[in-house]
Every structure is written in C-alpha cells, then in structure tokens.
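Trainee: So here's entry_31.txt (compact mmCIF, C-alpha atoms and all ligand atoms).
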# COMPACT_ATOMS: atom_id res chain seq x y z
CA MET A 1 86.52 158.97 77.12
CA PRO A 2 83.75 157.14 78.99
CA GLU A 3 85.15 154.65 81.47
CA GLU A 4 85.12 151.10 80.10
CA LYS A 5 82.74 148.94 82.10
CA VAL A 6 84.26 145.75 83.50
CA PRO A 7 81.64 142.99 83.33
CA ARG A 8 80.51 142.11 86.82
CA SER A 9 81.03 138.52 87.99
CA TYR A 10 77.93 137.24 89.73
CA ILE A 11 79.60 134.09 90.96
CA SER A 12 80.74 134.05 94.57
CA GLN A 13 84.41 133.49 95.28
CA ARG A 14 83.51 130.40 97.30
CA ALA A 15 81.65 128.83 94.39
CA GLU A 16 84.38 129.94 92.00
CA GLY A 17 87.00 128.33 94.25
CA ILE A 18 85.55 124.82 93.97
CA PRO A 19 87.81 122.77 91.70
CA PRO A 20 86.15 120.96 88.77
CA SER A 21 85.19 117.34 89.45
CA GLY A 22 87.90 114.87 88.47
CA ILE A 23 85.26 112.33 87.51
CA ARG A 24 82.97 114.39 85.27
CA LYS A 25 85.20 114.08 82.19
CA PHE A 26 84.97 110.28 82.30
CA PHE A 27 81.23 110.22 82.74
CA ASP A 28 80.80 112.65 79.84
CA LEU A 29 82.95 110.42 77.64
CA LEU A 30 81.13 107.31 78.87
CA LEU A 31 77.78 108.73 77.81
CA THR A 32 78.95 108.90 74.19
CA MET A 33 79.96 105.19 74.10
CA ASP A 34 78.19 101.83 73.64
CA ASP A 35 78.84 98.45 75.25
CA VAL A 36 80.59 99.96 78.27
CA ILE A 37 80.91 97.98 81.49
CA SER A 38 80.68 100.68 84.10
CA LEU A 39 82.53 100.16 87.34
CA GLY A 40 82.48 103.91 87.75
CA VAL A 41 79.34 104.74 89.65
CA GLY A 42 79.18 104.42 93.44
CA GLU A 43 75.69 103.08 93.88
CA PRO A 44 74.16 99.66 94.42
CA ASP A 45 72.72 98.05 91.29
CA PHE A 46 69.76 96.50 93.17
CA ASN A 47 66.22 97.81 93.21
CA THR A 48 65.02 99.27 96.50
CA PRO A 49 63.42 96.30 98.35
CA TRP A 50 59.75 96.35 97.42
CA ASN A 51 58.32 96.57 100.94
CA ILE A 52 60.38 99.73 101.46
CA ALA A 53 59.10 101.24 98.21
CA VAL A 54 55.52 100.32 99.15
CA ALA A 55 55.84 102.22 102.44
CA GLY A 56 56.76 105.34 100.45
CA ILE A 57 53.92 104.76 97.97
CA ASP A 58 51.49 104.22 100.87
CA SER A 59 52.32 107.58 102.36
CA ILE A 60 51.56 109.22 99.00
CA GLU A 61 48.33 107.26 98.55
CA LYS A 62 47.16 108.24 102.00
CA GLY A 63 47.93 111.87 101.27
CA ILE A 64 50.66 112.03 103.91
CA THR A 65 52.78 114.39 101.87
CA SER A 66 53.20 117.51 103.98
CA TYR A 67 56.39 118.59 105.75
CA THR A 68 57.46 116.62 108.78
CA SER A 69 58.91 118.26 111.88
CA ASN A 70 62.31 119.79 111.14
CA LYS A 71 64.06 117.04 113.06
CA GLY A 72 62.24 114.34 111.10
CA LEU A 73 59.49 111.89 112.06
CA GLN A 74 59.60 110.94 115.74
CA GLU A 75 59.11 107.25 114.89
CA LEU A 76 62.06 107.30 112.51
CA ARG A 77 64.33 109.05 115.03
CA ASP A 78 63.34 106.51 117.70
CA LEU A 79 64.13 103.67 115.31
CA VAL A 80 67.46 105.19 114.28
CA SER A 81 68.42 105.55 117.93
CA SER A 82 67.64 101.92 118.80
CA TYR A 83 69.11 100.60 115.56
CA LEU A 84 72.43 102.38 116.23
CA SER A 85 72.43 101.20 119.80
CA GLN A 86 71.78 97.56 118.83
CA HIS A 87 74.17 97.47 115.89
CA TYR A 88 76.98 99.76 117.00
CA ASN A 89 76.55 100.20 120.72
CA THR A 90 76.07 103.95 120.56
CA ASP A 91 73.69 105.94 122.68
CA TYR A 92 71.90 108.85 120.96
CA ASP A 93 68.84 110.63 122.34
CA PRO A 94 66.22 110.69 119.56
CA ASP A 95 64.84 114.02 120.78
CA ASP A 96 67.98 116.13 121.07
CA GLU A 97 70.76 114.32 119.27
CA ILE A 98 69.34 112.98 115.99
CA ILE A 99 68.24 114.89 112.87
CA ILE A 100 66.84 113.20 109.77
CA THR A 101 68.65 114.68 106.77
CA THR A 102 68.29 114.65 103.02
CA GLY A 103 70.94 111.98 102.62
CA VAL A 104 74.39 111.92 104.18
CA SER A 105 75.22 114.63 101.64
CA GLU A 106 73.10 117.12 103.53
CA GLY A 107 74.45 115.79 106.84
CA LEU A 108 78.01 116.55 105.68
CA ASP A 109 77.11 120.09 104.75
CA LEU A 110 75.19 120.69 108.00
CA ALA A 111 77.89 119.23 110.20
CA VAL A 112 80.66 121.22 108.59
CA ARG A 113 78.72 124.47 108.58
CA ALA A 114 77.66 123.94 112.18
CA VAL A 115 81.22 123.72 113.50
CA VAL A 116 83.67 125.25 111.01
CA ASP A 117 84.52 128.96 111.06
CA PRO A 118 86.34 130.73 108.24
CA GLY A 119 90.04 129.94 108.49
CA ASP A 120 89.60 126.74 110.53
CA GLU A 121 91.64 123.83 109.25
CA VAL A 122 89.80 120.58 108.61
CA LEU A 123 91.80 117.39 108.26
CA VAL A 124 90.39 115.15 105.58
CA ALA A 125 91.53 111.52 105.59
CA ASP A 126 92.82 111.08 102.04
CA PRO A 127 91.75 109.29 99.80
CA CYS A 128 88.14 110.29 100.42
CA TYR A 129 84.73 110.90 98.94
CA VAL A 130 84.86 113.73 96.42
CA SER A 131 82.55 116.12 98.24
CA TYR A 132 84.54 116.56 101.45
CA ALA A 133 87.02 119.26 100.41
CA PRO A 134 84.42 121.33 98.50
CA CYS A 135 82.09 121.08 101.49
CA VAL A 136 84.79 122.48 103.80
CA MET A 137 85.68 125.23 101.32
CA LEU A 138 82.05 126.31 100.99
CA ALA A 139 81.98 126.80 104.75
CA GLY A 140 85.10 128.99 104.51
CA GLY A 141 87.29 126.31 106.10
CA ILE A 142 90.64 125.09 104.84
CA PRO A 143 90.72 121.40 103.87
CA VAL A 144 94.05 119.75 104.73
CA ALA A 145 94.75 116.32 103.28
CA LEU A 146 95.73 113.71 105.86
CA PRO A 147 97.58 111.02 103.91
CA CYS A 148 96.26 107.48 104.44
CA PRO A 149 98.28 105.53 101.87
CA ALA A 150 97.89 101.90 100.77
CA GLU A 151 100.75 100.75 103.03
CA ASP A 152 98.63 101.84 106.02
CA GLU A 153 95.64 100.06 104.48
CA PHE A 154 94.12 103.51 103.96
CA ARG A 155 93.62 104.02 107.72
CA VAL A 156 94.39 107.13 109.78
CA THR A 157 97.52 106.47 111.84
CA PRO A 158 98.57 108.40 114.95
CA ASP A 159 101.83 109.48 113.29
CA ALA A 160 100.10 110.87 110.21
CA LEU A 161 97.57 112.67 112.38
CA LEU A 162 100.22 114.21 114.65
CA GLU A 163 102.13 115.42 111.64
CA LYS A 164 99.17 117.38 110.26
CA VAL A 165 97.41 118.67 113.34
CA THR A 166 97.98 122.38 114.13
CA LYS A 167 96.50 124.95 116.48
CA LYS A 168 94.03 125.83 113.75
CA THR A 169 92.71 122.29 113.30
CA LYS A 170 89.07 122.05 114.32
CA LEU A 171 87.75 118.90 112.73
CA LEU A 172 88.90 115.54 111.39
CA MET A 173 86.74 113.98 108.66
CA ILE A 174 86.84 110.24 108.23
CA ASN A 175 84.82 107.69 106.29
CA TYR A 176 85.11 104.00 107.15
CA PRO A 177 84.34 101.65 105.46
CA ASN A 178 86.00 103.94 102.97
CA ASN A 179 85.09 105.23 99.57
CA PRO A 180 87.23 104.76 97.42
CA SER A 181 89.53 102.17 99.03
CA GLY A 182 87.23 99.78 100.92
CA GLY A 183 89.51 100.23 103.95
CA VAL A 184 88.10 99.99 107.47
CA MET A 185 89.25 101.15 110.91
CA GLY A 186 88.74 98.73 113.78
CA ARG A 187 88.38 99.49 117.48
CA ASP A 188 92.16 99.43 118.09
CA ASP A 189 92.80 101.77 115.16
CA LEU A 190 90.24 104.24 116.49
CA LYS A 191 91.52 103.99 120.04
CA ALA A 192 95.01 104.69 118.76
CA ILE A 193 93.94 108.10 117.43
CA SER A 194 91.43 108.93 120.18
CA ASP A 195 94.00 110.41 122.59
CA ILE A 196 95.25 112.79 119.91
CA ILE A 197 91.70 113.88 119.16
CA VAL A 198 91.04 114.53 122.83
CA ASP A 199 94.42 116.14 123.58
CA HIS A 200 94.08 118.57 120.68
CA ASP A 201 90.42 119.20 121.38
CA LEU A 202 89.36 118.21 117.87
CA LEU A 203 85.96 117.17 116.65
CA LEU A 204 85.55 114.01 114.62
CA LEU A 205 83.12 113.80 111.71
CA SER A 206 82.51 110.14 110.96
CA ASP A 207 80.68 109.33 107.72
CA GLU A 208 79.46 105.74 108.20
CA ILE A 209 77.31 105.41 105.09
CA TYR A 210 78.88 102.00 104.31
CA SER A 211 78.66 100.69 107.89
CA GLU A 212 76.42 97.77 106.98
CA LEU A 213 78.66 96.71 104.11
CA THR A 214 81.49 95.02 105.97
CA TYR A 215 82.88 91.62 105.09
CA GLU A 216 85.38 90.83 107.85
CA GLY A 217 83.69 91.54 111.15
CA ARG A 218 81.35 94.27 112.33
CA HIS A 219 81.76 97.98 111.79
CA VAL A 220 82.98 99.98 114.78
CA SER A 221 81.37 103.36 115.29
CA PRO A 222 83.77 105.91 116.85
CA ALA A 223 80.95 107.28 119.04
CA SER A 224 80.84 103.90 120.82
CA ILE A 225 84.30 104.64 122.25
CA GLU A 226 83.76 106.46 125.51
CA THR A 227 86.38 109.16 125.08
CA LEU A 228 85.10 109.98 121.59
CA ARG A 229 81.38 110.10 122.38
CA GLU A 230 81.24 113.86 123.01
CA LYS A 231 83.69 114.63 120.21
CA THR A 232 81.96 112.80 117.38
CA ILE A 233 79.37 113.71 114.79
CA THR A 234 78.04 110.50 113.24
CA LEU A 235 76.50 110.49 109.78
CA ASN A 236 74.70 107.58 108.24
CA GLY A 237 71.84 106.87 105.88
CA PHE A 238 69.85 104.52 103.74
CA SER A 239 71.37 105.00 100.27
CA LYS A 240 73.89 102.18 100.23
CA ALA A 241 72.71 99.51 102.69
CA TYR A 242 69.11 99.53 101.42
CA SER A 243 69.76 100.56 97.83
CA MET A 244 67.86 103.82 98.31
CA THR A 245 70.16 106.40 96.70
CA GLY A 246 67.35 108.35 95.02
CA TRP A 247 65.11 108.52 98.09
CA ARG A 248 67.44 111.02 99.74
CA VAL A 249 67.29 110.17 103.40
CA GLY A 250 69.96 109.93 106.06
CA TYR A 251 70.68 111.15 109.58
CA LEU A 252 73.06 113.19 111.67
CA CYS A 253 73.75 112.26 115.31
CA ALA A 254 75.76 114.45 117.62
CA PRO A 255 75.90 115.78 121.18
CA SER A 256 72.91 118.09 121.65
CA GLU A 257 74.77 121.40 121.32
CA ILE A 258 76.16 120.45 117.92
CA ALA A 259 72.94 118.76 116.79
CA GLY A 260 71.09 121.95 117.81
CA ALA A 261 73.37 124.10 115.67
CA ALA A 262 72.98 121.72 112.73
CA LEU A 263 69.21 121.79 113.18
CA LYS A 264 69.17 125.59 112.92
CA ILE A 265 70.83 125.36 109.51
CA HIS A 266 68.69 122.41 108.41
CA GLN A 267 65.42 124.15 109.30
CA TYR A 268 66.22 127.11 107.06
CA ALA A 269 68.11 125.34 104.28
CA MET A 270 66.01 122.18 103.92
CA LEU A 271 63.04 122.39 106.29
CA SER A 272 62.61 118.63 106.38
CA SER A 273 63.71 115.55 104.52
CA PRO A 274 61.18 114.15 101.96
CA THR A 275 58.19 112.78 103.88
CA MET A 276 57.58 109.69 101.73
CA ALA A 277 61.28 108.83 101.95
CA GLN A 278 61.10 109.04 105.75
CA TYR A 279 58.20 106.54 105.75
CA ALA A 280 60.21 104.29 103.44
CA ALA A 281 63.17 104.57 105.83
CA ILE A 282 60.95 103.48 108.74
CA GLU A 283 60.12 100.34 106.79
CA ALA A 284 63.83 99.84 105.99
CA LEU A 285 64.61 99.71 109.70
CA ARG A 286 61.55 97.67 110.60
CA GLY A 287 61.37 95.09 107.88
CA ALA A 288 64.32 94.92 105.49
CA GLU A 289 67.02 93.14 107.47
CA ASP A 290 66.79 90.01 105.27
CA ALA A 291 66.86 91.95 102.01
CA LYS A 292 69.86 93.90 103.25
CA ASP A 293 71.67 90.74 104.32
CA ARG A 294 71.09 89.22 100.87
CA MET A 295 72.58 92.29 99.18
CA VAL A 296 75.59 92.24 101.50
CA ALA A 297 76.13 88.52 100.81
CA GLU A 298 76.04 89.21 97.07
CA PHE A 299 78.55 92.07 97.43
CA ARG A 300 80.84 89.78 99.41
CA MET A 301 80.76 87.19 96.64
CA ARG A 302 81.44 89.83 93.98
CA ARG A 303 84.28 91.28 95.99
CA ASN A 304 85.98 87.92 96.32
CA LEU A 305 85.56 87.16 92.63
CA PHE A 306 86.64 90.59 91.43
CA VAL A 307 89.65 91.11 93.70
CA ALA A 308 90.94 87.59 92.95
CA GLY A 309 90.56 88.45 89.25
CA LEU A 310 92.50 91.72 89.60
CA ASN A 311 95.38 90.03 91.40
CA ARG A 312 95.39 87.22 88.79
CA ILE A 313 95.84 89.64 85.89
CA GLY A 314 98.62 91.49 87.70
CA LEU A 315 96.92 94.46 89.36
CA PRO A 316 97.81 94.24 93.06
CA CYS A 317 94.79 94.98 95.23
CA HIS A 318 94.33 94.99 99.00
CA LEU A 319 91.33 92.96 100.02
CA PRO A 320 88.74 95.67 100.66
CA LYS A 321 87.05 94.93 103.98
CA GLY A 322 83.98 97.08 103.38
CA ALA A 323 81.90 99.23 100.98
CA PHE A 324 81.76 98.03 97.35
CA TYR A 325 84.98 99.37 95.87
CA ALA A 326 88.26 97.77 94.88
CA PHE A 327 91.20 100.16 94.65
CA PRO A 328 94.04 98.35 92.87
CA SER A 329 97.44 99.89 92.24
CA ILE A 330 98.12 100.42 88.54
CA GLU A 331 101.66 101.72 89.05
CA GLY A 332 103.20 98.57 87.58
CA THR A 333 101.64 99.38 84.19
CA GLY A 334 103.77 102.51 83.76
CA LEU A 335 100.66 104.61 83.11
CA THR A 336 99.24 107.32 85.35
CA ASP A 337 95.85 106.53 86.87
CA GLU A 338 94.29 109.10 84.52
CA GLU A 339 95.91 107.59 81.42
CA PHE A 340 94.94 104.12 82.59
CA ALA A 341 91.27 105.04 83.12
CA GLU A 342 91.01 106.98 79.86
CA ARG A 343 92.70 104.35 77.69
CA LEU A 344 90.84 101.47 79.36
CA LEU A 345 87.55 103.19 78.58
CA ILE A 346 88.42 103.99 74.98
CA GLU A 347 90.24 100.74 74.13
CA GLN A 348 88.25 98.16 76.14
CA GLN A 349 85.06 99.97 77.13
CA VAL A 350 85.47 99.49 80.87
CA ALA A 351 84.84 102.54 83.05
CA VAL A 352 86.84 102.99 86.26
CA VAL A 353 87.72 106.21 88.12
CA PRO A 354 91.29 107.53 88.43
CA GLY A 355 92.39 107.43 92.06
CA ARG A 356 93.58 111.05 92.09
CA ALA A 357 89.92 112.16 91.93
CA PHE A 358 89.81 111.13 95.62
CA GLY A 359 92.96 112.97 96.73
CA SER A 360 96.71 112.59 96.40
CA SER A 361 96.89 109.29 98.30
CA GLY A 362 94.77 107.87 95.50
CA ILE A 363 97.37 108.62 92.82
CA GLY A 364 98.52 105.41 91.15
CA HIS A 365 95.24 103.62 91.88
CA VAL A 366 91.90 103.30 90.13
CA ARG A 367 88.53 102.86 91.82
CA CYS A 368 86.40 100.00 90.56
CA ALA A 369 82.87 99.75 91.99
CA TYR A 370 81.87 96.09 92.05
CA ALA A 371 78.20 97.08 92.13
CA ALA A 372 77.72 95.21 88.86
CA SER A 373 76.56 91.68 88.01
CA ARG A 374 79.04 88.82 88.42
CA MET A 375 78.88 88.28 84.66
CA ASP A 376 79.87 91.90 84.01
CA LEU A 377 82.63 91.70 86.60
CA GLU A 378 84.11 88.60 84.95
CA GLU A 379 83.92 90.26 81.55
CA ALA A 380 85.50 93.43 82.99
CA ILE A 381 88.43 91.38 84.34
CA ARG A 382 88.85 89.76 80.90
CA ARG A 383 88.92 93.16 79.18
CA ILE A 384 91.25 94.76 81.74
CA GLY A 385 93.57 91.75 81.29
CA ILE A 386 93.64 92.29 77.50
CA PHE A 387 94.28 96.00 78.07
CA ILE A 388 97.23 95.40 80.41
CA ASP A 389 98.77 92.90 77.98
CA SER A 390 98.52 95.48 75.21
CA ILE A 391 100.34 98.29 77.04
N1 LIG B 1 79.42 109.69 101.80
C1 LIG B 1 80.12 108.83 101.04
C2 LIG B 1 81.42 108.33 101.54
C3 LIG B 1 79.63 108.40 99.80
O1 LIG B 1 80.34 107.53 99.09
C4 LIG B 1 78.39 108.91 99.34
C5 LIG B 1 77.88 108.53 98.02
O2 LIG B 1 78.54 107.93 97.20
C6 LIG B 1 77.70 109.81 100.16
C7 LIG B 1 78.24 110.17 101.38
C8 LIG B 1 76.38 110.37 99.76
O3 LIG B 1 75.38 109.72 100.48
P1 LIG B 1 73.83 110.08 100.37
O4 LIG B 1 73.27 109.36 99.17
O5 LIG B 1 73.24 109.56 101.64
O6 LIG B 1 73.71 111.55 100.23
Translate this file's structure into structure tokens.
Ligand code: PLP

Mentor:
Amino acid sequence: MPEEKVPRSYISQRAEGIPPSGIRKFFDLLLTMDDVISLGVGEPDFNTPWNIAVAGIDSIEKGITSYTSNKGLQELRDLVSSYLSQHYNTDYDPDDEIIITTGVSEGLDLAVRAVVDPGDEVLVADPCYVSYAPCVMLAGGIPVALPCPAEDEFRVTPDALLEKVTKKTKLLMINYPNNPSGGVMGRDDLKAISDIIVDHDLLLLSDEIYSELTYEGRHVSPASIETLREKTITLNGFSKAYSMTGWRVGYLCAPSEIAGAALKIHQYAMLSSPTMAQYAAIEALRGAEDAKDRMVAEFRMRRNLFVAGLNRIGLPCHLPKGAFYAFPSIEGTGLTDEEFAERLLIEQQVAVVPGRAFGSSGIGHVRCAYAASRMDLEEAIRRIGIFIDSI
C-alpha cells in the first residue's frame, strides 16, 4: 500500500496561533445593513486638513517620490524632537533616537521585535488595542494580560503590576489615553509604577497615539519622568490628532541602543515610510495646530453630549478623559457585551464593539467611538435608549 500523503500546511505556527479578530464579525454584518449609525470604527471622521494634504500633493507634483533615508526625513525627525520636547517635555536626539515609521502600527511591531525574545513575557495593560497580543505572539513572546478594570479607571496600578510581574517579564505595554476606555494616566499614576519598572528591570512601551486628544489637562509622557527615560520606548503618530489614518506615518523614539535595533528591522522590513506622507507630516507639525485644536474642541463637545446621554438612558459610563471612545458598562442590562452589540446592531442599527474584543477587563462593556456627527450621536442615544427599554 502506498503511504497516504498528509497535506502539508504552509501556514506558520505563529500565524496560525493568532486568534481571529473579535471585531470582524460585526463589521461583516454591518456591511450587509442600511441606515446604520456606526460608532464602531476607531478613526476621526474629519478630512485631513487641506494644507497637510497639499504638502503631500506638492511632493508628488515636484517628483519627490523616491525613498527617504531609512530613519525618515531629517527635517521631520528634527520637528518631531522639538514638538515632543515642547509638548511633553521629553528629550530625544533626532539623529540616534527617532525613527519615522509607517504608522504606530509599524512602530509597535518594530519595538516588540527589537526587544522581545521567544519565551519572554510581555505585560499588556488590559483592556487594550486589539493588535498588542498578536504583535507579541508574532515575535515569539508571551502576552500576559495586566487587568486594569473600570474601578481603577482603566489605569495600571502598582498592586496589579506587582501581581503579574515575574522573572520572565521583559516589557510592559501601555496606551494612554487609552483605546478602548478613554482612560488616562497622570504623572502621579506613572510615578507610582516607575519604581516597580526600575526594580524589575522592565522596559516600558508607551503608545501615545491619542496624546493630543485629552480633555482634562495635558498628556504626560512616561519618558518625561527621569527614572523612566532610559526604560521607555515612545510611539506616536499623525493618524488620530491630524486625521491622517490613511497616510501611514508615525514615529518611534527610544534610547539609541533600542532605536538602533528597531532601525535594523525597519530598514529590511519597510525601508522607509511613504515619502509624500512624511512631507504631509512636516506640514502637520509646522502649520496645523489650529486645525488640530478645532478637532479636539469638537471631540470634547461630542464626548460631553454622548456620555451625558449614555448616563441618562441608564448605561453607566466613566467620563473618558482622552481619545474618542466611551466605554459604558452594559452589565445592568443582563446581556453579555457580545449579545448587546449584536442585538443593538440588528434591532436598532447602531454599531458598537463588544468590550471583550479588547481583553478580559473589557467584558461587560461596549466601545462606542464618538467620532461621528453630533446629530448621529444624538440619534444613536435615542436608538440605544429604545433598545434598552425593549430588553
Ligand atoms: N495604537 C492604538 C492604541 C490605536 O488605537 C491605533 C488605531 O486605532 C493604532 C495604534 C494604529 O495607529 P496607526 O494608524 O498610526 O498605525
């Protein structure tokens, strides 16, 4: 008898090991429906400010479309360095400590691959952006959820950190202002965990993509705290503050040894970030402060309106201090967050994302992006109210 041939799997175990996205199902369903108010997608609903777009168009018109240096345009790195220093009191050398990346998404991948070895544990503040755990797994690391529940206002506390840290822990990943909760960590909160980070010789990966979208005081960058400066990899970008999600430009800042390792990966995996997007980003930092402030003011107004509406109809919601997400508890409805999101979409055509998609601390919550017009937000509140009354 000839030996039966077992079909070969071409898919790597790492790729195979990535769990399916908890959000996909809702977006697939959403695409088949009409008259949906979508509070599902995490991107600003404004056009990119026109002067920024023109800077990108200009670079194309002038034929400036070749690769840039691997690190990114010198002018952009200089501007990023002085912008971070003015806004967040950090001190990054544009030559050795800053790399322009293809969005924060690439920065996350570079940072994790630069420092994580197979078997290293990576603490991920939970709830968090959906790509963190897959990113760690693709680098061969072990993501470990660090619970940051609603009662702690979704912040990392020293007790929670001490409970999860082990000898194998290499990195702590945080994102404040936070997606999905809108939570922030202030200077005192960061100082409270800084000793643990130092004592256990951990690195801190701080994704600050929403840093400009704060509504109760300025964002605090961990790298501005002296003891954390050499321990921190800072990621930021242009997608959210300047409504530039499709341009794909961001930056990674880190002490030179780590930045150098990230650059080695970047130069082979990406070569350089899109040239026209880098010119657009220069304009964002030079001439879009007013446009950005107007967008932030509009988000603040929407947040106030939407969160007041949620509380009025009986969905308790912490006042989110940053980003553009509200993360109400739906536990009082007796439904799971998945049931709530699915039924709300089918019965009232409002799309929200079940909190569990962002980790176990998100269970019992739904994420509502208030990156929608005030009229849509008011209508969404009306429909959610009808839905809750019908349960
Ligand atoms: N980090 C967080 C926390 C996000 O919410 C997002 C997008 O939603 C990203 C990173 C991706 O950013 P970028 O568009 O710069 O790749």

Trainee: List all protein, DNA and RNA residues that have at least one atom no more than 7 Å from any atom of ligand LIG 1 (chain B), counting only C-alpha atoms and all ligand atoms, and write them as a ChimeraX atom specification.

Mentor: /A:42-43,102-106,129,175,178-179,207,209,237-239,245,248-250

Trainee: Could the residues in this selection be written to a file with C-alpha atoms, as a compact mmCIF listing (two decimals), in the coordinates of the input?

Mentor:
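Saved file result.txt follows:
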# COMPACT_ATOMS: atom_id res chain seq x y z
CA GLY A 42 79.18 104.42 93.44
CA GLU A 43 75.69 103.08 93.88
CA THR A 102 68.29 114.65 103.02
CA GLY A 103 70.94 111.98 102.62
CA VAL A 104 74.39 111.92 104.18
CA SER A 105 75.22 114.63 101.64
CA GLU A 106 73.10 117.12 103.53
CA TYR A 129 84.73 110.90 98.94
CA ASN A 175 84.82 107.69 106.29
CA ASN A 178 86.00 103.94 102.97
CA ASN A 179 85.09 105.23 99.57
CA ASP A 207 80.68 109.33 107.72
CA ILE A 209 77.31 105.41 105.09
CA GLY A 237 71.84 106.87 105.88
CA PHE A 238 69.85 104.52 103.74
CA SER A 239 71.37 105.00 100.27
CA THR A 245 70.16 106.40 96.70
CA ARG A 248 67.44 111.02 99.74
CA VAL A 249 67.29 110.17 103.40
CA GLY A 250 69.96 109.93 106.06

Trainee: Using all atoms listed in the file, find the one residue out of A:Gln86, A:Ser131, A:Ser69, A:Asn47 that sits nearest to Ser273 (chain A).

Mentor: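 Result for the nearest residue to Ser273 (chain A): A:Ser69.
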
Trainee: Measuring atom to atom with all atoms listed in the file, identify which of A:Arg383, A:Lys264, A:Arg367, A:Arg374 is nearest to Met301 (chain A).

Mentor: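 For Met301 (chain A), the nearest of the given residues is A:Arg374.
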
Trainee: With distances taken over only C-alpha atoms, which of A:Gly364, A:Pro147, A:Gly359, A:Pro316 is nearest to Tyr132 (chain A)?

Mentor: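 Once distances to Tyr132 (chain A) are computed over only C-alpha atoms, the minimum belongs to A:Gly359.
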
Trainee: Rank A:Val136, A:Lys62, A:Val54, A:Glu163 by their smallest atom-to-atom distance to Gly287 (chain A), using only C-alpha atoms, and report the top residue only.

Mentor: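 For Gly287 (chain A), the nearest of the candidates is A:Val54.
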